[in-house]
>>> print(open('data_18.tsv').read())   # TSV, C-alpha atoms
chain	number	residue	atom	x	y	z
A	1	MET	CA	27.31	3.72	11.91
A	2	PRO	CA	23.89	3.14	13.55
A	3	PRO	CA	23.54	0.33	16.10
A	4	MET	CA	22.59	-3.12	14.83
A	5	ARG	CA	18.94	-4.21	14.98
A	6	ARG	CA	17.59	-7.67	15.57
A	7	LYS	CA	15.29	-9.10	12.92
A	8	GLY	CA	12.51	-9.31	15.49
A	9	ASP	CA	12.74	-5.55	16.06
A	10	LEU	CA	12.11	-4.60	12.41
A	11	PRO	CA	8.75	-3.10	11.39
A	12	VAL	CA	6.15	-5.50	9.98
A	13	LYS	CA	3.28	-4.91	7.51
A	14	THR	CA	0.59	-7.16	6.05
A	15	CYS	CA	0.53	-7.70	2.28
A	16	ALA	CA	-2.54	-6.13	0.64
A	17	GLN	CA	-2.82	-9.06	-1.80
A	18	CYS	CA	-2.03	-12.30	0.04
A	19	GLY	CA	-2.49	-11.14	3.63
A	20	ARG	CA	0.85	-12.52	4.83
A	21	PRO	CA	3.08	-10.46	7.12
A	22	PHE	CA	6.38	-9.16	5.74
A	23	THR	CA	9.22	-7.26	7.36
A	24	TRP	CA	11.15	-4.12	6.47
A	25	ARG	CA	13.97	-4.44	3.95
A	26	LYS	CA	16.95	-2.14	3.46
A	27	LYS	CA	15.95	-1.44	-0.17
A	28	TRP	CA	12.57	-0.15	1.10
A	29	GLU	CA	14.21	2.26	3.55
A	30	ARG	CA	13.12	5.46	1.78
A	31	VAL	CA	9.70	4.26	0.59
A	32	TRP	CA	8.52	2.07	3.49
A	33	GLU	CA	5.31	4.09	3.92
A	34	ALA	CA	4.34	3.39	0.27
A	35	VAL	CA	5.12	-0.36	0.27
A	36	ARG	CA	1.91	-2.41	0.10
A	37	TYR	CA	2.90	-5.79	-1.34
A	38	CYS	CA	5.37	-8.41	-0.11
A	39	SER	CA	6.64	-9.37	-3.57
A	40	ASP	CA	6.59	-8.60	-7.28
A	41	ARG	CA	4.20	-11.53	-7.74
A	42	CYS	CA	1.61	-10.07	-5.35
A	43	ARG	CA	1.91	-6.64	-6.97
A	44	ALA	CA	1.38	-8.16	-10.44
A	45	GLU	CA	-1.63	-10.20	-9.27
A	46	ALA	CA	-3.17	-7.10	-7.72
A	47	ARG	CA	-2.80	-5.23	-11.03
A	48	ARG	CA	-4.54	-8.08	-12.84
A	49	GLY	CA	-7.28	-8.12	-10.21
A	50	ARG	CA	-6.63	-11.69	-9.16
A	51	GLY	CA	-7.15	-12.98	-5.66
A	52	GLN	CA	-9.85	-10.48	-4.71
A	53	GLU	CA	-12.84	-12.41	-6.06
A	54	PRO	CA	-15.01	-14.03	-3.40
A	55	GLU	CA	-15.14	-17.82	-3.59
A	56	ARG	CA	-18.39	-19.22	-4.91
A	57	PRO	CA	-19.99	-22.08	-3.01
A	58	ALA	CA	-20.15	-25.34	-4.95
>>> encode(input="data_18.tsv", output="structure tokens")
Amino acid sequence: MPPMRRKGDLPVKTCAQCGRPFTWRKKWERVWEAVRYCSDRCRAEARRGRGQEPERPA
């Protein structure tokens, strides 16, 4: 069994949709290089094209 890791020692990425940092999860172990979004919600919004529009001044 590999040695335990502290949560602070896990790899971190920034979500391509919301820009928030997220940490490595066990279920992403084999595909960590391909993970771009922190959640299903961010992935769905990216597919719809939401959140990327620049804000218009009022």
>>> residues_around(input="data_18.tsv", residues="Lys7 of chain A", least_positions_apart="5", cutoff="12 Å", atoms="all atoms listed in the file", output="NGL selection string")
:A and (12 or 22-26)
>>> closest_residue(input="data_18.tsv", among="A:Arg6, A:Ala16, A:Lys27, A:Pro21", to="Cys42 of chain A", atoms="all atoms listed in the file")
A:Ala16
>>> atom_distance(input="data_18.tsv", atom1="atom CA of Arg41 of chain A", atom2="atom CA of Cys18 of chain A")
10.0 Å
>>> closest_residue(input="data_18.tsv", among="A:Gly8, A:Arg48, A:Thr14, A:Pro3", to="Arg36 of chain A", atoms="only C-alpha atoms")
A:Thr14
>>> atom_distance(input="data_18.tsv", atom1="atom CA of Tyr37 of chain A", atom2="atom CA of Cys15 of chain A")
4.7 Å
>>> atom_distance(input="data_18.tsv", atom1="atom CA of Arg20 of chain A", atom2="atom CA of Ser39 of chain A")
10.7 Å
